[in-house]
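Next comes upload.txt, with compact mmCIF, C-alpha atoms.
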# COMPACT_ATOMS: atom_id res chain seq x y z
CA MET J 47 -8.76 -33.24 -106.28
CA GLU J 48 -11.75 -32.22 -108.29
CA SER J 49 -12.27 -34.02 -111.61
CA ARG J 50 -11.30 -31.14 -113.94
CA PHE J 51 -8.18 -30.29 -111.94
CA ARG J 52 -7.21 -33.98 -111.77
CA GLU J 53 -7.43 -34.14 -115.58
CA ASP J 54 -5.30 -30.98 -115.94
CA VAL J 55 -2.65 -32.47 -113.64
CA TYR J 56 -2.65 -35.77 -115.53
CA ARG J 57 -2.40 -34.05 -118.94
CA SER J 58 0.54 -31.97 -117.74
CA LEU J 59 2.34 -35.05 -116.37
CA ALA J 60 1.67 -37.12 -119.48
CA ASP J 61 2.78 -34.33 -121.82
CA ILE J 62 5.98 -33.42 -119.96
CA PHE J 63 7.07 -36.95 -119.10
CA GLY J 64 6.31 -38.30 -122.56
CA THR J 65 7.91 -35.42 -124.49
CA MET J 66 10.86 -34.46 -122.32
CA PHE J 67 11.76 -37.72 -120.54
CA PHE J 68 10.36 -40.43 -122.86
CA VAL J 69 8.51 -41.99 -119.92
CA ALA J 70 4.83 -42.92 -120.14
CA VAL J 71 2.65 -41.87 -117.20
CA GLU J 72 -0.81 -43.28 -116.44
CA GLU J 73 -3.26 -42.58 -113.65
CA SER J 74 -3.01 -45.47 -111.20
CA GLY J 75 -6.47 -45.39 -109.65
CA MET J 76 -4.81 -46.14 -106.32
CA VAL J 77 -4.67 -44.14 -103.12
CA VAL J 78 -1.40 -43.70 -101.28
CA SER J 79 -2.30 -46.26 -98.59
CA ASP J 80 -2.64 -48.93 -101.35
CA TYR J 81 1.06 -48.51 -102.08
CA GLY J 82 2.12 -50.42 -98.99
CA GLU J 83 4.40 -49.35 -96.21
CA GLY J 84 7.69 -50.29 -97.85
CA ALA J 85 10.40 -47.67 -97.74
CA GLY J 86 13.04 -46.79 -100.30
CA VAL J 87 15.11 -44.02 -101.81
CA PHE J 88 13.05 -41.27 -103.42
CA VAL J 89 13.77 -37.88 -104.93
CA GLU J 90 11.47 -35.14 -103.71
CA GLY J 91 11.02 -32.26 -106.15
CA ARG J 92 9.32 -29.23 -104.62
CA VAL J 93 8.24 -25.87 -105.95
CA GLU J 94 6.39 -23.03 -104.27
CA VAL J 95 3.40 -21.49 -106.01
CA SER J 96 2.30 -18.02 -104.94
CA GLY J 97 -0.65 -15.84 -105.80
CA ASN J 98 -3.36 -15.07 -103.26
CA GLY J 99 -1.26 -16.99 -100.77
CA VAL J 100 1.49 -19.57 -100.96
CA THR J 101 1.42 -23.33 -101.39
CA ASP J 102 3.87 -26.08 -102.34
CA ILE J 103 3.58 -28.79 -104.96
CA MET J 104 5.81 -31.82 -104.55
CA LEU J 105 6.67 -34.74 -106.80
CA TYR J 106 8.12 -37.93 -105.32
CA PHE J 107 10.12 -40.11 -107.71
CA PRO J 108 11.44 -43.53 -106.69
CA LEU J 109 15.18 -43.56 -107.39
CA GLU J 110 14.86 -45.80 -110.48
CA LEU J 111 12.37 -43.37 -112.04
CA ALA J 112 14.48 -40.34 -111.11
CA ARG J 113 17.60 -41.91 -112.63
CA ASN J 114 15.79 -42.81 -115.87
CA ILE J 115 14.32 -39.31 -116.13
CA ALA J 116 17.80 -37.85 -115.73
CA ALA J 117 19.41 -40.23 -118.23
CA ASN J 118 16.72 -39.67 -120.86
CA PHE J 119 16.68 -35.90 -120.39
CA MET J 120 20.46 -35.52 -120.44
CA GLY J 121 21.03 -38.10 -123.17
CA VAL J 122 23.53 -40.10 -121.11
CA SER J 123 23.72 -43.65 -119.82
CA LEU J 124 22.59 -44.56 -116.32
CA ALA J 125 26.21 -45.33 -115.45
CA GLU J 126 27.23 -41.73 -116.21
CA LEU J 127 24.79 -40.16 -113.74
CA SER J 128 25.88 -38.45 -110.57
CA GLU J 129 23.55 -37.78 -107.66
CA GLU J 130 23.64 -34.06 -108.51
CA THR J 131 22.57 -34.76 -112.10
CA VAL J 132 19.63 -36.82 -110.81
CA LEU J 133 18.65 -33.97 -108.46
CA ASP J 134 18.99 -31.42 -111.29
CA ALA J 135 16.62 -33.49 -113.43
CA GLY J 136 14.21 -33.78 -110.48
CA ARG J 137 14.18 -29.99 -110.11
CA GLU J 138 13.64 -29.50 -113.83
CA ALA J 139 10.88 -32.13 -114.02
CA THR J 140 9.09 -30.53 -111.08
CA ASN J 141 9.39 -27.07 -112.60
CA MET J 142 8.07 -28.22 -116.00
CA VAL J 143 5.18 -30.24 -114.59
CA VAL J 144 3.98 -27.51 -112.23
CA GLY J 145 4.42 -24.88 -114.94
CA GLY J 146 2.30 -27.09 -117.21
CA ILE J 147 -0.39 -27.42 -114.56
CA LEU J 148 -0.47 -23.66 -114.01
CA SER J 149 -0.70 -22.99 -117.76
CA ARG J 150 -3.88 -25.11 -117.76
CA ILE J 151 -5.56 -23.79 -114.61
CA ASP J 152 -4.32 -20.19 -114.43
CA ARG J 153 -4.70 -18.74 -117.90
CA GLU J 154 -4.64 -15.18 -116.51
CA GLY J 155 -1.18 -15.72 -115.01
CA ARG J 156 -2.04 -14.85 -111.41
CA CYS J 157 0.27 -17.45 -109.90
CA ARG J 158 4.05 -17.46 -109.85
CA LEU J 159 6.47 -20.36 -109.55
CA GLY J 160 9.29 -20.25 -107.07
CA ILE J 161 12.71 -21.82 -107.55
CA PRO J 162 12.35 -25.62 -107.59
CA THR J 163 14.33 -27.71 -105.11
CA ALA J 164 15.12 -31.41 -104.96
CA ARG J 165 16.53 -33.71 -102.32
CA MET J 166 17.16 -37.40 -101.78
CA LEU J 167 14.97 -39.11 -99.20
CA ASP J 168 16.46 -42.38 -97.95
CA GLY J 169 14.07 -44.73 -96.18
CA PHE J 170 11.03 -42.79 -97.42
CA SER J 171 7.65 -44.52 -97.11
CA PRO J 172 4.96 -42.75 -99.17
CA ALA J 173 2.10 -44.60 -97.42
CA LYS J 174 3.34 -43.44 -94.02
CA GLU J 175 4.53 -39.95 -94.90
CA LEU J 176 2.14 -38.57 -97.55
CA PRO J 177 -1.41 -37.56 -96.66
CA ALA J 178 -3.95 -39.37 -98.82
CA ALA J 179 -6.21 -36.34 -99.25
CA ASP J 180 -3.75 -34.32 -101.31
CA THR J 181 -1.60 -37.04 -102.94
CA SER J 182 -2.20 -38.55 -106.38
CA LEU J 183 -0.45 -41.66 -107.71
CA TYR J 184 0.65 -42.34 -111.27
CA THR J 185 2.25 -45.42 -112.78
CA THR J 186 5.35 -45.41 -114.96
CA ASP J 187 7.64 -48.12 -116.31
CA TYR J 188 10.06 -47.25 -113.51
CA GLY J 189 7.77 -47.19 -110.49
CA MET J 190 5.02 -45.09 -109.00
CA LEU J 191 5.10 -41.31 -109.18
CA PHE J 192 3.48 -39.40 -106.31
CA LEU J 193 2.20 -35.85 -106.65
CA ARG J 194 1.29 -33.92 -103.51
CA CYS J 195 -0.56 -30.71 -104.11
CA GLY J 196 -1.31 -28.01 -101.59
CA SER J 197 -4.22 -25.69 -102.19
CA LEU J 198 -4.11 -24.11 -105.62
CA ASP J 199 -6.88 -21.75 -104.53
CA VAL J 200 -3.97 -19.29 -104.39
CA CYS J 201 -4.45 -19.01 -108.17
CA ASN J 202 -8.05 -17.84 -107.87
CA PRO J 203 -8.93 -14.12 -107.88
What would the structure in this file look like if it were written as C-alpha cells?
Amino acid sequence: MESRFREDVYRSLADIFGTMFFVAVEESGMVVSDYGEGAGVFVEGRVEVSGNGVTDIMLYFPLELARNIAANFMGVSLAELSEETVLDAGREATNMVVGGILSRIDREGRCRLGIPTARMLDGFSPAKELPAADTSLYTTDYGMLFLRCGSLDVCNP
C-alpha cells in the first residue's frame, strides 16, 4: 500500500476501533509471513466496493478479538455472546472501517459499499492463506488484526 493510503487505512481503523469497540489498534510493522504458520479460529468480515470496477476488502479477526469487539459494541459480557452476535459485530466493524476508509480516499463519493458479510474460519492460517502484497497487520490487546485490500483504483475517475 502506498504511504498516504496506508495512513488513511490506519486512521480509519484506529478511529472506529477506539470509538466504537474500545479497542486500541496500532500498526504492527510486520508482514503476514512474520505471523507464523499457526492456525486458529478467525472471523472474516468482507465487503464489496464498486466504482470503476469491483473489489473486496476483508478484515480477519482472531476469535478473541472478534468476541471482545462484539461484547464491547453490544454492551454485554463475553459469556452472553452467541456466534451470530459475534458475526453481526464482525459485519458491522467491517462496514464501519471500510466506510471510514472510503470517506478519506473518495471524497467525491464515486465508490459504493456492498452488503458486508462475515463467516467463521476454523483452522485459518493467515501466513499461509493471505497474500503478503495486499495484507496489512495491526496489533490489538486481543491479537493481530489483518486487513486485505483489493485494488481501490475502482474509486478513481
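For the residues J:Ser79, J:Ser123, J:Thr185, J:Ser49, ranking by smallest atom-to-atom distance to Phe63 in chain J using only C-alpha atoms places J:Thr185 first.
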Nearest to Gly189 in chain J among J:Phe107, J:Phe68, J:Phe119, J:Phe170, with distances taken over only C-alpha atoms: which residue is it?
J:Phe107
Compile the contact shell of Arg52 in chain J as a count of residues only: residues with an atom at most 12 Å away, counting only C-alpha atoms, same-chain residues fewer than 5 positions apart removed.
17
Quick one: residues within 12 Å of Val122 in chain J, only C-alpha atoms counted, chain neighbours fewer than 5 positions away excluded, as a PDB file with C-alpha atoms, in the coordinates of the input?
ATOM      1  CA  ARG J 113      17.600 -41.910-112.630  1.00  0.00           C
ATOM      2  CA  ASN J 114      15.790 -42.810-115.870  1.00  0.00           C
ATOM      3  CA  ILE J 115      14.320 -39.310-116.130  1.00  0.00           C
ATOM      4  CA  ALA J 116      17.800 -37.850-115.730  1.00  0.00           C
ATOM      5  CA  ALA J 117      19.410 -40.230-118.230  1.00  0.00           C
ATOM      6  CA  LEU J 127      24.790 -40.160-113.740  1.00  0.00           C
ATOM      7  CA  SER J 128      25.880 -38.450-110.570  1.00  0.00           C
ATOM      8  CA  THR J 131      22.570 -34.760-112.100  1.00  0.00           C
ATOM      9  CA  VAL J 132      19.630 -36.820-110.810  1.00  0.00           C
TER      10      VAL J 132
END
In Å, how far is it from CA of Met142 in chain J to CA of Arg92 in chain J?
11.5 Å
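Ranking J:Gly169, J:Leu176, J:Asp134, J:Gly97 by their shortest atom-to-atom distance to Glu154 in chain J, with all atoms listed in the file included, puts J:Gly97 first.
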Just to confirm, what's the straight-line distance from CA of Tyr81 in chain J to CA of Pro177 in chain J in Å (one decimal)?
12.5 Å
Counting only C-alpha atoms, which residue out of J:Phe51, J:Tyr106, J:Tyr188, J:Phe88 sits closest to Leu148 in chain J?
J:Phe51
Generate a file for range 99-114 of chain J, containing N, CA and C atoms, as a PDB file, in the first residue's frame.
ATOM      1  N   GLY J  99     -15.207  -0.462 -11.343  1.00  0.00           N
ATOM      2  CA  GLY J  99     -14.882  -1.872 -11.218  1.00  0.00           C
ATOM      3  C   GLY J  99     -15.350  -2.330  -9.842  1.00  0.00           C
ATOM      4  N   VAL J 100     -14.938  -3.514  -9.472  1.00  0.00           N
ATOM      5  CA  VAL J 100     -15.366  -4.097  -8.201  1.00  0.00           C
ATOM      6  C   VAL J 100     -14.157  -4.713  -7.515  1.00  0.00           C
ATOM      7  N   THR J 101     -14.080  -4.531  -6.212  1.00  0.00           N
ATOM      8  CA  THR J 101     -13.028  -5.159  -5.418  1.00  0.00           C
ATOM      9  C   THR J 101     -13.609  -5.522  -4.056  1.00  0.00           C
ATOM     10  N   ASP J 102     -12.917  -6.334  -3.320  1.00  0.00           N
ATOM     11  CA  ASP J 102     -13.321  -6.710  -1.960  1.00  0.00           C
ATOM     12  C   ASP J 102     -12.283  -6.217  -0.969  1.00  0.00           C
ATOM     13  N   ILE J 103     -12.751  -5.848   0.215  1.00  0.00           N
ATOM     14  CA  ILE J 103     -11.873  -5.562   1.342  1.00  0.00           C
ATOM     15  C   ILE J 103     -12.294  -6.510   2.460  1.00  0.00           C
ATOM     16  N   MET J 104     -11.312  -7.182   3.040  1.00  0.00           N
ATOM     17  CA  MET J 104     -11.580  -8.159   4.077  1.00  0.00           C
ATOM     18  C   MET J 104     -10.803  -7.823   5.348  1.00  0.00           C
ATOM     19  N   LEU J 105     -11.448  -8.032   6.474  1.00  0.00           N
ATOM     20  CA  LEU J 105     -10.797  -7.956   7.778  1.00  0.00           C
ATOM     21  C   LEU J 105     -10.821  -9.354   8.371  1.00  0.00           C
ATOM     22  N   TYR J 106      -9.717  -9.752   8.999  1.00  0.00           N
ATOM     23  CA  TYR J 106      -9.619 -11.053   9.654  1.00  0.00           C
ATOM     24  C   TYR J 106      -9.332 -10.819  11.126  1.00  0.00           C
ATOM     25  N   PHE J 107     -10.283 -11.222  11.964  1.00  0.00           N
ATOM     26  CA  PHE J 107     -10.197 -11.041  13.408  1.00  0.00           C
ATOM     27  C   PHE J 107      -9.960 -12.400  14.055  1.00  0.00           C
ATOM     28  N   PRO J 108      -8.911 -12.572  14.870  1.00  0.00           N
ATOM     29  CA  PRO J 108      -8.852 -13.802  15.660  1.00  0.00           C
ATOM     30  C   PRO J 108     -10.085 -13.835  16.571  1.00  0.00           C
ATOM     31  N   LEU J 109     -10.528 -15.020  16.922  1.00  0.00           N
ATOM     32  CA  LEU J 109     -11.786 -15.160  17.663  1.00  0.00           C
ATOM     33  C   LEU J 109     -11.805 -14.311  18.936  1.00  0.00           C
ATOM     34  N   GLU J 110     -10.710 -14.251  19.685  1.00  0.00           N
ATOM     35  CA  GLU J 110     -10.698 -13.453  20.917  1.00  0.00           C
ATOM     36  C   GLU J 110     -10.976 -11.978  20.622  1.00  0.00           C
ATOM     37  N   LEU J 111     -10.381 -11.446  19.563  1.00  0.00           N
ATOM     38  CA  LEU J 111     -10.630 -10.065  19.174  1.00  0.00           C
ATOM     39  C   LEU J 111     -12.085  -9.894  18.741  1.00  0.00           C
ATOM     40  N   ALA J 112     -12.572 -10.793  17.916  1.00  0.00           N
ATOM     41  CA  ALA J 112     -13.958 -10.699  17.440  1.00  0.00           C
ATOM     42  C   ALA J 112     -14.948 -10.736  18.604  1.00  0.00           C
ATOM     43  N   ARG J 113     -14.712 -11.597  19.572  1.00  0.00           N
ATOM     44  CA  ARG J 113     -15.610 -11.694  20.725  1.00  0.00           C
ATOM     45  C   ARG J 113     -15.564 -10.415  21.574  1.00  0.00           C
ATOM     46  N   ASN J 114     -14.375  -9.850  21.763  1.00  0.00           N
ATOM     47  CA  ASN J 114     -14.267  -8.615  22.541  1.00  0.00           C
ATOM     48  C   ASN J 114     -14.891  -7.431  21.815  1.00  0.00           C
TER      49      ASN J 114
END
